[in-house]
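Enquirer: Let me begin by handing over the structure; questions about it come next.
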Amino acid sequence: MPPSSLQSIIREITDGVKLSTVARHKYGCRIVQRLLEHCLPEQVHDLVSHLLDEFSELTKPGFGRFVVEKLLRHVTGQQRVRLTELIEQSVPDLACHQSGCAILGAALECGDLADRCRLAEFILEASDQIAFLVDTKYGSS
């Protein structure tokens with residue numbers, strides 16, 4: 001299916017629906033992921049903006065993490081910078097649950113070296129904020 005034929009789907013899920021609800025749904029997350037994979041960046045720009053606005057909802061345990069991981073692999077430019085900043089601001093919260101740990105792992109694997117190094121430095125600098133993790137299930141993951 002050519003990317004131009006997917007515009008109606010993008011419009012449908014961004015109009016009048018809380019996008020994080022779709023992105024956190026068992027099947028809805030797959031639709032959002034395929035759109036991110038197959039559409040042109042300018043086609044999904046508004047979709048990505050909405051997803052970034054609802055970042056904290058996507059990082060809660062559930063299927064939203066797969067959408068965040070796909071964002072890490074497909075967004076570019078200013079949206080990539082914003083996504084990295086959102087992840088950095090959320091490190092202590094993300095490190096507390098399995099979905100969040102998966103997001104942090106993907107963030108450390110994807111993207112350019114500068115983004116990954118900056119995130120690693122941020123995690124190391126925030127070590128006093130996340131020291132409590134040694135007593136949690138995900139502190140040893």
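Going by the structure tokens order, chains are called A, B, ..., each with residues numbered from 1, while ligands are numbered from 1 in the order shown.
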Show which residues sit within 8 Å of segment 28-41 of chain A, as a VMD selection string. Count only C-alpha atoms, and ignore same-chain residues fewer than 4 positions away.
Expert: chain A and resid 3 to 4 6 10 22 to 24 45 63 to 64 66 to 67 70 to 71 74 to 75
Enquirer: Step one, run DSSP on the backbone; step two, keep only residues of chain A assigned to alpha helix (DSSP H); then write them as a ChimeraX atom specification.
Expert: /A:7-14,19-23,28-38,41-53,55-58,64-74,77-89,91-94,98-109,113-125
Enquirer: Applying 12 Å and only C-alpha atoms, which residues near segment 114-130 of chain A remain after dropping the ones on its own chain fewer than 2 positions away? List them as an MDAnalysis selection string.
Expert: chainID A and resid 72 76:77 80:96 104:112 132:136 138:139
Enquirer: Please identify all polymer residues within 8 Å of Lys60 of chain A, counting only C-alpha atoms, omitting same-chain residues fewer than 5 positions from it, and present them as a ChimeraX atom specification.
Expert: /A:65,99-100
Enquirer: Save the residues we just selected, all heavy atoms, as a PDB file, in the first residue's frame?
Expert:
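And here's again.pdb as it stands now:
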ATOM      1  N   ARG A  65       4.593   1.160  25.072  1.00  0.00           N
ATOM      2  CA  ARG A  65       6.064   1.094  25.006  1.00  0.00           C
ATOM      3  C   ARG A  65       6.548   0.714  23.621  1.00  0.00           C
ATOM      4  O   ARG A  65       7.588   1.158  23.166  1.00  0.00           O
ATOM      5  CB  ARG A  65       6.598   0.136  26.045  1.00  0.00           C
ATOM      6  CG  ARG A  65       6.712  -1.282  25.548  1.00  0.00           C
ATOM      7  CD  ARG A  65       7.439  -2.143  26.519  1.00  0.00           C
ATOM      8  NE  ARG A  65       8.243  -3.109  25.813  1.00  0.00           N
ATOM      9  CZ  ARG A  65       8.410  -4.331  26.224  1.00  0.00           C
ATOM     10  NH1 ARG A  65       7.861  -4.756  27.332  1.00  0.00           N
ATOM     11  NH2 ARG A  65       9.160  -5.150  25.538  1.00  0.00           N
ATOM     12  N   SER A  99       8.113  -1.955  31.318  1.00  0.00           N
ATOM     13  CA  SER A  99       7.920  -1.196  30.078  1.00  0.00           C
ATOM     14  C   SER A  99       8.918  -0.048  29.995  1.00  0.00           C
ATOM     15  O   SER A  99       9.499   0.205  28.937  1.00  0.00           O
ATOM     16  CB  SER A  99       6.497  -0.641  30.003  1.00  0.00           C
ATOM     17  OG  SER A  99       5.569  -1.673  29.913  1.00  0.00           O
ATOM     18  N   GLY A 100       9.104   0.633  31.102  1.00  0.00           N
ATOM     19  CA  GLY A 100      10.042   1.752  31.132  1.00  0.00           C
ATOM     20  C   GLY A 100      11.471   1.313  30.900  1.00  0.00           C
ATOM     21  O   GLY A 100      12.235   1.971  30.190  1.00  0.00           O
TER      22      GLY A 100
END
Enquirer: Can you measure atom CA of Ala102 of chain A to atom CA of Glu69 of chain A for me? One decimal in Å is fine.
Expert: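 Going from atom CA of Ala102 of chain A over to atom CA of Glu69 of chain A covers 8.2 Å.
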